[in-house]
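Q: Enclosed is the structure file protein.pdb (PDB, C-alpha atoms and all ligand atoms).
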ATOM      1  CA  MET A 297       3.518  -7.544  16.612
ATOM      2  CA  HIS A 298       1.346  -4.496  17.109
ATOM      3  CA  SER A 299      -0.283  -3.884  13.722
ATOM      4  CA  VAL A 300      -0.056  -5.072  10.143
ATOM      5  CA  GLY A 301      -1.253  -3.167   7.089
ATOM      6  CA  ILE A 302      -3.053  -5.064   4.349
ATOM      7  CA  CYS A 303      -1.399  -4.486   0.988
ATOM      8  CA  GLY A 304      -3.119  -4.872  -2.388
ATOM      9  CA  SER A 305      -0.630  -7.659  -3.128
ATOM     10  CA  ASP A 306      -1.821  -9.591  -0.036
ATOM     11  CA  VAL A 307      -5.333  -9.508  -1.471
ATOM     12  CA  HIS A 308      -4.034 -10.627  -4.888
ATOM     13  CA  TYR A 309      -2.202 -13.610  -3.405
ATOM     14  CA  TRP A 310      -5.287 -14.493  -1.352
ATOM     15  CA  GLN A 311      -7.697 -14.221  -4.296
ATOM     16  CA  ASN A 312      -5.551 -15.398  -7.225
ATOM     17  CA  GLY A 313      -2.702 -17.379  -5.686
ATOM     18  CA  ARG A 314      -0.238 -15.452  -7.790
ATOM     19  CA  ILE A 315       0.957 -12.068  -8.993
ATOM     20  CA  GLY A 316       2.415 -12.468 -12.470
ATOM     21  CA  ASP A 317       5.388 -14.810 -12.211
ATOM     22  CA  PHE A 318       5.184 -14.941  -8.402
ATOM     23  CA  VAL A 319       3.105 -18.066  -7.880
ATOM     24  CA  VAL A 320       2.157 -19.302  -4.400
ATOM     25  CA  LYS A 321       3.221 -22.954  -4.279
ATOM     26  CA  ASP A 322       3.503 -23.471  -0.516
ATOM     27  CA  PRO A 323       1.452 -22.079   2.370
ATOM     28  CA  MET A 324       2.309 -18.402   2.673
ATOM     29  CA  VAL A 325       1.890 -16.064   5.642
ATOM     30  CA  LEU A 326       0.423 -12.813   4.371
ATOM     31  CA  GLY A 327       1.206  -9.417   5.860
ATOM     32  CA  HIS A 328       4.533  -7.720   5.184
ATOM     33  CA  GLU A 329       3.581  -4.214   6.422
ATOM     34  CA  ALA A 330       4.234  -4.934  10.055
ATOM     35  CA  SER A 331       5.077  -2.960  13.140
ATOM     36  CA  GLY A 332       5.941  -4.294  16.555
ATOM     37  CA  THR A 333       8.171  -4.102  19.587
ATOM     38  CA  VAL A 334      11.388  -5.988  20.254
ATOM     39  CA  ILE A 335      10.848  -7.887  23.517
ATOM     40  CA  LYS A 336      14.166  -9.738  23.749
ATOM     41  CA  VAL A 337      17.313 -10.048  21.680
ATOM     42  CA  GLY A 338      19.825 -12.871  21.361
ATOM     43  CA  PRO A 339      23.427 -12.394  22.541
ATOM     44  CA  GLY A 340      24.755 -11.729  19.001
ATOM     45  CA  VAL A 341      22.224  -8.980  18.193
ATOM     46  CA  THR A 342      23.712  -5.504  18.332
ATOM     47  CA  HIS A 343      21.492  -3.408  16.064
ATOM     48  CA  LEU A 344      18.264  -3.854  18.064
ATOM     49  CA  LYS A 345      17.410  -3.282  21.693
ATOM     50  CA  PRO A 346      14.567  -4.643  23.804
ATOM     51  CA  GLU A 347      11.547  -2.322  23.997
ATOM     52  CA  GLN A 348      12.521  -0.765  20.682
ATOM     53  CA  SER A 349       9.548  -0.192  18.387
ATOM     54  CA  LEU A 350       9.982  -1.332  14.836
ATOM     55  CA  ARG A 351       7.904  -0.281  11.923
ATOM     56  CA  TRP A 352       8.104  -1.329   8.311
ATOM     57  CA  TYR A 353       6.858   1.683   6.424
ATOM     58  CA  LYS A 354       6.429  -0.178   3.181
ATOM     59  CA  PRO A 355       3.860   2.083   1.571
ATOM     60  CA  LEU A 356       5.915   5.041   2.186
ATOM     61  CA  SER A 357       9.046   3.313   0.883
ATOM     62  CA  VAL A 358       7.426   2.681  -2.502
ATOM     63  CA  GLY A 359       6.685   6.422  -2.795
ATOM     64  CA  ILE A 360      10.255   7.367  -1.895
ATOM     65  CA  HIS A 361      11.686   4.942  -4.432
ATOM     66  CA  ALA A 362       9.284   6.026  -7.204
ATOM     67  CA  CYS A 363       9.825   9.760  -6.660
ATOM     68  CA  LYS A 364      13.606   9.258  -6.613
ATOM     69  CA  ARG A 365      13.468   7.239  -9.848
ATOM     70  CA  ALA A 366      11.265   9.972 -11.309
ATOM     71  CA  GLY A 367      13.736  12.687 -10.316
ATOM     72  CA  VAL A 368      11.218  14.817  -8.428
ATOM     73  CA  THR A 369      12.928  17.977  -7.256
ATOM     74  CA  LEU A 370      12.271  21.590  -6.250
ATOM     75  CA  GLY A 371       9.587  23.090  -8.454
ATOM     76  CA  SER A 372       8.606  19.875 -10.250
ATOM     77  CA  LYS A 373       5.135  19.637 -11.729
ATOM     78  CA  VAL A 374       3.934  16.110 -11.084
ATOM     79  CA  PHE A 375       1.010  14.043 -12.326
ATOM     80  CA  VAL A 376       0.127  11.067 -10.109
ATOM     81  CA  SER A 377      -2.249   8.616 -11.729
ATOM     82  CA  GLY A 378      -4.397   6.677  -9.247
ATOM     83  CA  SER A 379      -5.292   7.685  -5.712
ATOM     84  CA  GLY A 380      -4.936   4.361  -3.898
ATOM     85  CA  PRO A 381      -2.456   4.035  -1.011
ATOM     86  CA  ILE A 382       0.462   3.982  -3.470
ATOM     87  CA  GLY A 383      -0.679   7.073  -5.377
ATOM     88  CA  LEU A 384      -1.251   8.883  -2.071
ATOM     89  CA  VAL A 385       2.229   8.156  -0.713
ATOM     90  CA  ASN A 386       3.627   9.453  -3.992
ATOM     91  CA  VAL A 387       1.715  12.702  -3.435
ATOM     92  CA  LEU A 388       3.142  12.955   0.095
ATOM     93  CA  VAL A 389       6.705  12.253  -1.015
ATOM     94  CA  ALA A 390       6.586  14.417  -4.164
ATOM     95  CA  LYS A 391       5.432  17.397  -2.091
ATOM     96  CA  MET A 392       8.105  16.638   0.507
ATOM     97  CA  MET A 393      10.755  16.590  -2.227
ATOM     98  CA  GLY A 394       9.750  20.064  -3.375
ATOM     99  CA  ALA A 395       7.161  19.525  -6.105
ATOM    100  CA  ALA A 396       5.503  22.835  -6.897
ATOM    101  CA  ALA A 397       2.216  21.248  -7.919
ATOM    102  CA  VAL A 398       0.756  17.764  -7.945
ATOM    103  CA  VAL A 399      -2.340  16.726  -9.846
ATOM    104  CA  ILE A 400      -3.892  13.328  -9.194
ATOM    105  CA  THR A 401      -6.573  11.265 -10.929
ATOM    106  CA  ASP A 402      -8.884   8.500  -9.783
ATOM    107  CA  LEU A 403     -12.295   7.030 -10.514
ATOM    108  CA  SER A 404     -13.351   7.435  -6.887
ATOM    109  CA  ALA A 405     -14.390  10.806  -5.452
ATOM    110  CA  SER A 406     -13.665   9.697  -1.867
ATOM    111  CA  ARG A 407     -10.126   8.650  -2.750
ATOM    112  CA  LEU A 408      -9.576  12.011  -4.443
ATOM    113  CA  GLN A 409     -10.858  13.718  -1.307
ATOM    114  CA  LYS A 410      -8.174  11.843   0.636
ATOM    115  CA  ALA A 411      -5.599  13.004  -1.931
ATOM    116  CA  LYS A 412      -6.584  16.608  -1.212
ATOM    117  CA  GLU A 413      -6.175  15.946   2.507
ATOM    118  CA  VAL A 414      -2.612  14.688   2.038
ATOM    119  CA  GLY A 415      -1.578  17.629  -0.140
ATOM    120  CA  ALA A 416      -2.588  17.149  -3.786
ATOM    121  CA  ASP A 417      -3.077  20.547  -5.413
ATOM    122  CA  PHE A 418      -5.548  19.383  -8.059
ATOM    123  CA  THR A 419      -7.738  16.337  -8.529
ATOM    124  CA  ILE A 420      -9.418  14.895 -11.598
ATOM    125  CA  GLN A 421     -12.232  12.376 -11.299
ATOM    126  CA  VAL A 422     -11.907  10.201 -14.394
ATOM    127  CA  LYS A 423     -15.197   9.048 -15.929
ATOM    128  CA  ASN A 424     -15.322   8.230 -19.632
ATOM    129  CA  GLU A 425     -12.520  10.458 -20.890
ATOM    130  CA  THR A 426     -10.032   9.205 -23.450
ATOM    131  CA  PRO A 427      -6.376   9.110 -22.351
ATOM    132  CA  GLN A 428      -5.710  12.208 -24.487
ATOM    133  CA  GLU A 429      -8.578  14.032 -22.757
ATOM    134  CA  VAL A 430      -7.179  13.124 -19.333
ATOM    135  CA  ALA A 431      -3.753  14.412 -20.456
ATOM    136  CA  SER A 432      -5.246  17.669 -21.606
ATOM    137  CA  LYS A 433      -7.104  18.148 -18.269
ATOM    138  CA  VAL A 434      -3.803  17.556 -16.443
ATOM    139  CA  GLU A 435      -2.119  20.212 -18.568
ATOM    140  CA  SER A 436      -4.845  22.778 -18.098
ATOM    141  CA  LEU A 437      -4.933  22.354 -14.301
ATOM    142  CA  LEU A 438      -1.144  22.601 -13.956
ATOM    143  CA  GLY A 439      -0.848  25.383 -16.522
ATOM    144  CA  CYS A 440       1.768  23.289 -18.347
ATOM    145  CA  MET A 441       2.509  19.636 -19.050
ATOM    146  CA  PRO A 442       4.079  17.870 -16.050
ATOM    147  CA  GLU A 443       7.723  16.877 -16.426
ATOM    148  CA  ILE A 444       7.007  13.856 -14.239
ATOM    149  CA  THR A 445       4.200  11.323 -14.207
ATOM    150  CA  VAL A 446       3.959   8.566 -11.624
ATOM    151  CA  GLU A 447       1.508   5.919 -12.781
ATOM    152  CA  CYS A 448      -0.042   4.056  -9.819
ATOM    153  CA  THR A 449      -2.956   2.053 -11.275
ATOM    154  CA  GLY A 450      -1.461  -0.395 -13.768
ATOM    155  CA  ALA A 451      -4.517   0.226 -15.990
ATOM    156  CA  GLN A 452      -3.793   0.401 -19.729
ATOM    157  CA  ALA A 453      -5.767   3.615 -20.224
ATOM    158  CA  CYS A 454      -3.799   5.262 -17.408
ATOM    159  CA  ILE A 455      -0.413   4.256 -18.830
ATOM    160  CA  GLN A 456      -1.550   5.708 -22.156
ATOM    161  CA  ALA A 457      -2.669   8.915 -20.421
ATOM    162  CA  GLY A 458       0.672   8.984 -18.613
ATOM    163  CA  ILE A 459       2.581   9.020 -21.894
ATOM    164  CA  TYR A 460       0.356  11.654 -23.490
ATOM    165  CA  ALA A 461       0.434  13.839 -20.379
ATOM    166  CA  THR A 462       4.201  13.876 -19.771
ATOM    167  CA  ARG A 463       6.130  16.831 -21.148
ATOM    168  CA  SER A 464       8.668  16.167 -23.946
ATOM    169  CA  GLY A 465      11.937  15.143 -22.311
ATOM    170  CA  GLY A 466      10.101  14.232 -19.103
ATOM    171  CA  THR A 467       9.831  10.976 -17.191
ATOM    172  CA  LEU A 468       7.019   8.501 -16.703
ATOM    173  CA  VAL A 469       7.503   6.060 -13.823
ATOM    174  CA  LEU A 470       5.416   2.908 -13.929
ATOM    175  CA  VAL A 471       4.541   1.850 -10.398
ATOM    176  CA  GLY A 472       1.178   0.205 -11.071
ATOM    177  CA  LEU A 473       1.440  -3.422 -12.112
ATOM    178  CA  GLY A 474      -1.387  -4.576 -14.363
ATOM    179  CA  PRO A 475      -1.414  -7.121 -17.159
ATOM    180  CA  GLU A 476       1.944  -8.035 -18.679
ATOM    181  CA  MET A 477       0.903  -7.015 -22.185
ATOM    182  CA  VAL A 478      -0.463  -3.512 -22.682
ATOM    183  CA  THR A 479      -0.918  -1.358 -25.756
ATOM    184  CA  VAL A 480       0.763   2.010 -25.359
ATOM    185  CA  PRO A 481       1.563   4.910 -27.722
ATOM    186  CA  ILE A 482       5.258   4.095 -27.650
ATOM    187  CA  VAL A 483       6.138   6.128 -30.745
ATOM    188  CA  ASN A 484       4.604   9.196 -29.107
ATOM    189  CA  ALA A 485       6.938   8.613 -26.139
ATOM    190  CA  ALA A 486       9.926   7.944 -28.392
ATOM    191  CA  VAL A 487       9.654  11.019 -30.607
ATOM    192  CA  ARG A 488       9.088  13.278 -27.591
ATOM    193  CA  GLU A 489      11.930  11.637 -25.649
ATOM    194  CA  VAL A 490       9.732  10.708 -22.696
ATOM    195  CA  ASP A 491      11.722   8.300 -20.533
ATOM    196  CA  ILE A 492       9.715   5.363 -19.222
ATOM    197  CA  ARG A 493      11.050   3.755 -16.052
ATOM    198  CA  GLY A 494       9.756   1.012 -13.838
ATOM    199  CA  ILE A 495      10.154   0.410 -10.162
ATOM    200  CA  PHE A 496      10.073  -2.809  -8.209
ATOM    201  CA  ARG A 497       9.174  -2.160  -4.598
ATOM    202  CA  TYR A 498      12.028  -0.145  -3.090
ATOM    203  CA  CYS A 499      15.705  -0.189  -2.283
ATOM    204  CA  ASN A 500      17.697   1.602   0.445
ATOM    205  CA  THR A 501      14.616   3.564   1.497
ATOM    206  CA  TRP A 502      14.230   2.575   5.159
ATOM    207  CA  PRO A 503      16.594   5.167   6.644
ATOM    208  CA  VAL A 504      14.887   7.983   4.714
ATOM    209  CA  ALA A 505      11.397   6.716   5.541
ATOM    210  CA  ILE A 506      12.175   6.355   9.236
ATOM    211  CA  ALA A 507      13.887   9.760   9.392
ATOM    212  CA  LEU A 508      10.915  11.477   7.718
ATOM    213  CA  LEU A 509       8.462   9.857  10.106
ATOM    214  CA  ALA A 510      10.587  10.333  13.215
ATOM    215  CA  SER A 511      11.022  14.027  12.426
ATOM    216  CA  LYS A 512       7.259  14.296  11.741
ATOM    217  CA  ARG A 513       8.019  15.886   8.366
ATOM    218  CA  ILE A 514       5.584  13.471   6.796
ATOM    219  CA  ASN A 515       2.310  12.201   8.210
ATOM    220  CA  VAL A 516       0.979   8.904   6.902
ATOM    221  CA  LYS A 517      -1.773   8.607   9.528
ATOM    222  CA  PRO A 518      -4.543  10.047   7.304
ATOM    223  CA  LEU A 519      -4.052   7.058   5.013
ATOM    224  CA  VAL A 520      -5.335   4.667   7.699
ATOM    225  CA  THR A 521      -9.116   4.499   7.327
ATOM    226  CA  HIS A 522      -9.939   1.146   8.943
ATOM    227  CA  ARG A 523      -8.606  -0.908  11.869
ATOM    228  CA  PHE A 524      -9.735  -4.444  12.675
ATOM    229  CA  PRO A 525      -8.690  -6.771  15.482
ATOM    230  CA  LEU A 526      -6.820  -9.875  14.323
ATOM    231  CA  GLU A 527      -9.896 -12.078  14.873
ATOM    232  CA  LYS A 528     -11.665 -10.054  12.164
ATOM    233  CA  ALA A 529      -8.893 -10.589   9.608
ATOM    234  CA  LEU A 530     -11.290 -11.979   7.017
ATOM    235  CA  GLU A 531     -13.535  -8.907   7.315
ATOM    236  CA  ALA A 532     -10.449  -6.715   6.989
ATOM    237  CA  PHE A 533      -9.358  -8.525   3.826
ATOM    238  CA  GLU A 534     -12.894  -8.324   2.382
ATOM    239  CA  THR A 535     -12.940  -4.572   3.086
ATOM    240  CA  THR A 536      -9.651  -4.150   1.221
ATOM    241  CA  ARG A 537     -10.858  -6.319  -1.647
ATOM    242  CA  ARG A 538     -13.957  -4.118  -2.046
ATOM    243  CA  GLY A 539     -11.673  -1.073  -2.279
ATOM    244  CA  GLU A 540     -13.287   0.604   0.743
ATOM    245  CA  GLY A 541     -11.330   3.368   2.419
ATOM    246  CA  VAL A 542      -7.598   3.545   1.807
ATOM    247  CA  LYS A 543      -5.345   1.696   4.241
ATOM    248  CA  VAL A 544      -6.828  -1.153   6.243
ATOM    249  CA  MET A 545      -4.891  -2.207   9.362
ATOM    250  CA  LEU A 546      -5.078  -5.357  11.442
ATOM    251  CA  LYS A 547      -4.336  -4.824  15.091
ATOM    252  CA  CYS A 548      -2.544  -7.853  16.536
ATOM    253  CA  ASP A 549      -1.903  -6.480  20.017
ATOM    254  CA  PRO A 550      -4.985  -7.341  22.131
ATOM    255  CA  THR A 551      -3.722  -5.183  25.009
ATOM    256  CA  ASP A 552      -3.999  -1.969  22.989
ATOM    257  CA  HIS A 553      -7.560  -0.690  23.363
ATOM    258  CA  SER A 554      -7.155   2.499  21.352
ATOM    259  CA  PRO A 555      -9.198   2.577  18.107
TER     260      PRO A 555
HETATM  261  P1  LIG B   1      -5.381   0.358  -5.380
HETATM  262  O1  LIG B   1      -6.098  -0.641  -6.235
HETATM  263  O2  LIG B   1      -5.836   0.568  -3.975
HETATM  264  O3  LIG B   1      -5.389   1.784  -6.103
HETATM  265  C1  LIG B   1      -5.450   1.933  -7.484
HETATM  266  C2  LIG B   1      -6.330   3.136  -7.765
HETATM  267  O4  LIG B   1      -6.360   3.323  -9.183
HETATM  268  C3  LIG B   1      -7.773   2.947  -7.305
HETATM  269  O5  LIG B   1      -8.129   3.976  -6.389
HETATM  270  C4  LIG B   1      -8.581   3.003  -8.607
HETATM  271  O6  LIG B   1      -9.837   3.660  -8.449
HETATM  272  C5  LIG B   1      -7.641   3.792  -9.507
HETATM  273  N1  LIG B   1      -7.923   3.560 -10.930
HETATM  274  C6  LIG B   1      -8.186   2.397 -11.560
HETATM  275  N2  LIG B   1      -8.440   2.598 -12.861
HETATM  276  C7  LIG B   1      -8.331   3.928 -13.061
HETATM  277  C8  LIG B   1      -8.502   4.771 -14.189
HETATM  278  N3  LIG B   1      -8.826   4.271 -15.389
HETATM  279  N4  LIG B   1      -8.309   6.096 -14.038
HETATM  280  C9  LIG B   1      -7.978   6.613 -12.820
HETATM  281  N5  LIG B   1      -7.819   5.870 -11.715
HETATM  282  C10 LIG B   1      -8.007   4.547 -11.833
HETATM  283  O7  LIG B   1      -3.851  -0.087  -5.411
HETATM  284  P2  LIG B   1      -2.564   0.454  -4.602
HETATM  285  O8  LIG B   1      -2.342  -0.376  -3.398
HETATM  286  O9  LIG B   1      -2.614   1.933  -4.493
HETATM  287  O10 LIG B   1      -1.427   0.034  -5.658
HETATM  288  C11 LIG B   1      -1.408   0.667  -6.922
HETATM  289  C12 LIG B   1      -0.658  -0.173  -7.948
HETATM  290  O11 LIG B   1       0.729  -0.202  -7.584
HETATM  291  C13 LIG B   1      -1.109  -1.624  -8.037
HETATM  292  O12 LIG B   1      -1.098  -1.993  -9.421
HETATM  293  C14 LIG B   1      -0.030  -2.381  -7.290
HETATM  294  O13 LIG B   1       0.101  -3.706  -7.744
HETATM  295  C15 LIG B   1       1.173  -1.543  -7.664
HETATM  296  N6  LIG B   1       2.340  -1.649  -6.789
HETATM  297  C16 LIG B   1       3.548  -1.729  -7.412
HETATM  298  C17 LIG B   1       4.707  -1.784  -6.687
HETATM  299  C18 LIG B   1       6.009  -1.882  -7.405
HETATM  300  O14 LIG B   1       7.005  -2.221  -6.783
HETATM  301  N7  LIG B   1       6.062  -1.567  -8.686
HETATM  302  C19 LIG B   1       4.667  -1.755  -5.281
HETATM  303  C20 LIG B   1       3.410  -1.642  -4.651
HETATM  304  C21 LIG B   1       2.251  -1.585  -5.420
END
As structure tokens, what does this structure read like?
A:
Amino acid sequence: MHSVGICGSDVHYWQNGRIGDFVVKDPMVLGHEASGTVIKVGPGVTHLKPEQSLRWYKPLSVGIHACKRAGVTLGSKVFVSGSGPIGLVNVLVAKMMGAAAVVITDLSASRLQKAKEVGADFTIQVKNETPQEVASKVESLLGCMPEITVECTGAQACIQAGIYATRSGGTLVLVGLGPEMVTVPIVNAAVREVDIRGIFRYCNTWPVAIALLASKRINVKPLVTHRFPLEKALEAFETTRRGEGVKVMLKCDPTDHSP
């Protein structure tokens, strides 16, 4: 193993022992965003070779899956709600897929700054606005209502804003996973024929993710804001829990002395 990214879900399992119906009953090894090198393969292994580097680009995969489910295409106007790692990969992928303009919201100015760096056209720092006010800011920045909204916070107010903001006939994709029960203006969505879709992680995204990274068409490096050696895993988890930076990495390979 070379490095492992800390995912919000790792922190949830660590702090709460569960995410919704997924309850930790036995000891669980955290860390599913891994990258490493194949040292040796068994005689029956044909798809891997020694010295091959492997990376699991899980954040990126969630963005690919969400943008595909949303139907992002050339010229799309997209509203991404939430500028955490998941919102940011959705900005990257939406732009890659041809979105003409992407507007993104967050509470944090530094996270919005990062969104600008990765290609967001407009940012909105949410303070005490109502969901309708957020929707109207989205519309005025884009010059029209977005046909696609990708909700990446799970917060009730943001799901509400997502419905109000999306153009009639458009699509709202729910990526953020908050409480199971939320109050949303469902009749508003129904009478304006706004489709609401969910995603659960990703499916068949690895080849696309690897091809985009290998061809350098997409750069996820700006998302990495912190790196800790494995011995400082607790500090790394605490940093993620406090919401500092964006993507916190644990470096497992003690022979790599680069930062
Ligand atoms: P994160 O907590 O790092 O980012 C969420 C961002 O939302 C934060 O920057 C926060 O400031 C912002 N936010 C919170 N309330 C807000 C509000 N009212 N207005 C504007 N912004 C607000 O989390 P992340 O790692 O980016 O993940 C985002 C969500 O996606 C989480 O709910 C996570 O569980 C979910 N997720 C879902 C899937 C899936 O398969 N559906 C996969 C991965 C992650």
Q: As a quick test: using all atoms listed in the file, which residues lie no more than 7 Å away from ligand LIG 1 (chain B)? Give them as a PyMOL selection string.
A: chain A and resi 303-305+358+377-383+401-404+407+422+448-451+453-454+470-474+494-498+539+542
Q: Assuming the chain letters and numbering stay as they are in my file, what does the PyMOL selection byres (((chain A and resi 423-438) around 6) and not hetatm) actually select? List them as a PyMOL selection string.
A: chain A and resi 422+439-441+453+456-457+460-461
Q: Could you state the separation of CA of Cys363 (chain A) and CA of Gly394 (chain A) in Å, given to one decimal place?
A: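 Interatomic distance here is 10.8 Å.
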Q: Hey, could you make a per-residue contact list for region 298-399 of chain A against region 532-536 of chain A with 10 Å as the cut-off, showing the nearest pair of atoms and its distance in Å to one decimal, counting only C-alpha atoms, sorted by chain and number, as a Markdown table?
A:
| residue | atom | partner | partner_atom | distance |
| --- | --- | --- | --- | --- |
| A:Gly301 | CA | A:Ala532 | CA | 9.9 |
| A:Ile302 | CA | A:Phe533 | CA | 7.2 |
| A:Cys303 | CA | A:Thr536 | CA | 8.3 |
| A:Gly304 | CA | A:Thr536 | CA | 7.5 |
| A:Asp306 | CA | A:Phe533 | CA | 8.5 |
| A:Val307 | CA | A:Phe533 | CA | 6.7 |
| A:Trp310 | CA | A:Phe533 | CA | 8.9 |
Q: For a test of reading the model, state the distance in Å between CA of Leu370 (chain A) and CA of Met393 (chain A), rounded to one decimal.
A: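 Distance between the two atoms: 6.6 Å.
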Q: Check which residues satisfy the PyMOL selection byres (((chain A and resi 482) around 12) and not hetatm) in the file shown, then give them as a PyMOL selection string.
A: chain A and resi 455-460+468+478-481+483-492
Q: Suppose we keep C-alpha atoms; can you now write the selection as a short mmCIF file (atom, residue, chain, number, x, y, z; two decimals), in the frame of the given file?
A:
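Below is the file again.cif, written as the result:
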data_model
loop_
_atom_site.label_atom_id
_atom_site.label_comp_id
_atom_site.auth_asym_id
_atom_site.auth_seq_id
_atom_site.Cartn_x
_atom_site.Cartn_y
_atom_site.Cartn_z
CA ILE A 455 -0.41 4.26 -18.83
CA GLN A 456 -1.55 5.71 -22.16
CA ALA A 457 -2.67 8.91 -20.42
CA GLY A 458 0.67 8.98 -18.61
CA ILE A 459 2.58 9.02 -21.89
CA TYR A 460 0.36 11.65 -23.49
CA LEU A 468 7.02 8.50 -16.70
CA VAL A 478 -0.46 -3.51 -22.68
CA THR A 479 -0.92 -1.36 -25.76
CA VAL A 480 0.76 2.01 -25.36
CA PRO A 481 1.56 4.91 -27.72
CA VAL A 483 6.14 6.13 -30.74
CA ASN A 484 4.60 9.20 -29.11
CA ALA A 485 6.94 8.61 -26.14
CA ALA A 486 9.93 7.94 -28.39
CA VAL A 487 9.65 11.02 -30.61
CA ARG A 488 9.09 13.28 -27.59
CA GLU A 489 11.93 11.64 -25.65
CA VAL A 490 9.73 10.71 -22.70
CA ASP A 491 11.72 8.30 -20.53
CA ILE A 492 9.72 5.36 -19.22
#
Q: Please report, as CSV, each residue of region 367-435 of chain A lying at most 12 Å from region 503-517 of chain A, together with the nearest pair of atoms and the separation in Å rounded to one decimal; use only C-alpha atoms, and order rows by chain and ascending residue number.
A:
residue,atom,partner,partner_atom,distance
A:Pro381,CA,A:Val516,CA,9.9
A:Ile382,CA,A:Val516,CA,11.5
A:Leu384,CA,A:Val516,CA,9.2
A:Val385,CA,A:Val516,CA,7.8
A:Asn386,CA,A:Val516,CA,11.2
A:Val387,CA,A:Ile514,CA,11.0
A:Leu388,CA,A:Ile514,CA,7.2
A:Val389,CA,A:Ile514,CA,8.0
A:Ala390,CA,A:Ile514,CA,11.0
A:Lys391,CA,A:Ile514,CA,9.7
A:Met392,CA,A:Ile514,CA,7.5
A:Met393,CA,A:Ile514,CA,10.9
A:Lys410,CA,A:Lys517,CA,11.4
A:Ala411,CA,A:Val516,CA,11.8
A:Glu413,CA,A:Asn515,CA,10.9
A:Val414,CA,A:Asn515,CA,8.3
A:Gly415,CA,A:Asn515,CA,10.7
Q: Given the PyMOL selection byres (((chain A and resi 334-350) around 12) and not hetatm) and the file above, list the residues it selects as number ranges by chain.
A: A: 297-300, 329-333, 351-353, 502, 506, 510
Q: How would the residues just chosen look if you wrote them out with C-alpha atoms as an mmCIF file, keeping the file's coordinate frame?
A:
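Everything below was put into again29.cif:
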data_model
loop_
_atom_site.group_PDB
_atom_site.id
_atom_site.type_symbol
_atom_site.label_atom_id
_atom_site.label_comp_id
_atom_site.auth_asym_id
_atom_site.auth_seq_id
_atom_site.Cartn_x
_atom_site.Cartn_y
_atom_site.Cartn_z
ATOM 1 C CA MET A 297 3.518 -7.544 16.612
ATOM 2 C CA HIS A 298 1.346 -4.496 17.109
ATOM 3 C CA SER A 299 -0.283 -3.884 13.722
ATOM 4 C CA VAL A 300 -0.056 -5.072 10.143
ATOM 5 C CA GLU A 329 3.581 -4.214 6.422
ATOM 6 C CA ALA A 330 4.234 -4.934 10.055
ATOM 7 C CA SER A 331 5.077 -2.960 13.140
ATOM 8 C CA GLY A 332 5.941 -4.294 16.555
ATOM 9 C CA THR A 333 8.171 -4.102 19.587
ATOM 10 C CA ARG A 351 7.904 -0.281 11.923
ATOM 11 C CA TRP A 352 8.104 -1.329 8.311
ATOM 12 C CA TYR A 353 6.858 1.683 6.424
ATOM 13 C CA TRP A 502 14.230 2.575 5.159
ATOM 14 C CA ILE A 506 12.175 6.355 9.236
ATOM 15 C CA ALA A 510 10.587 10.333 13.215
#
Q: Which residues are close to region 416-418 of chain A, i.e. within 6 Å by all atoms listed in the file, leaving aside same-chain residues fewer than 5 positions away? Reply as a VMD selection string.
A: chain A and resid 397 to 399 411
Q: Calculate, to one decimal in Å, the centre and edge lengths of the box along x, y and z of the file that holds all listed atoms of region 362-368 of chain A with 6 Å of margin on each side, and present them as lines of an AutoDock Vina configuration file.
A:
center_x = 11.5
center_y = 10.4
center_z = -9.0
size_x = 16.5
size_y = 20.8
size_z = 16.7
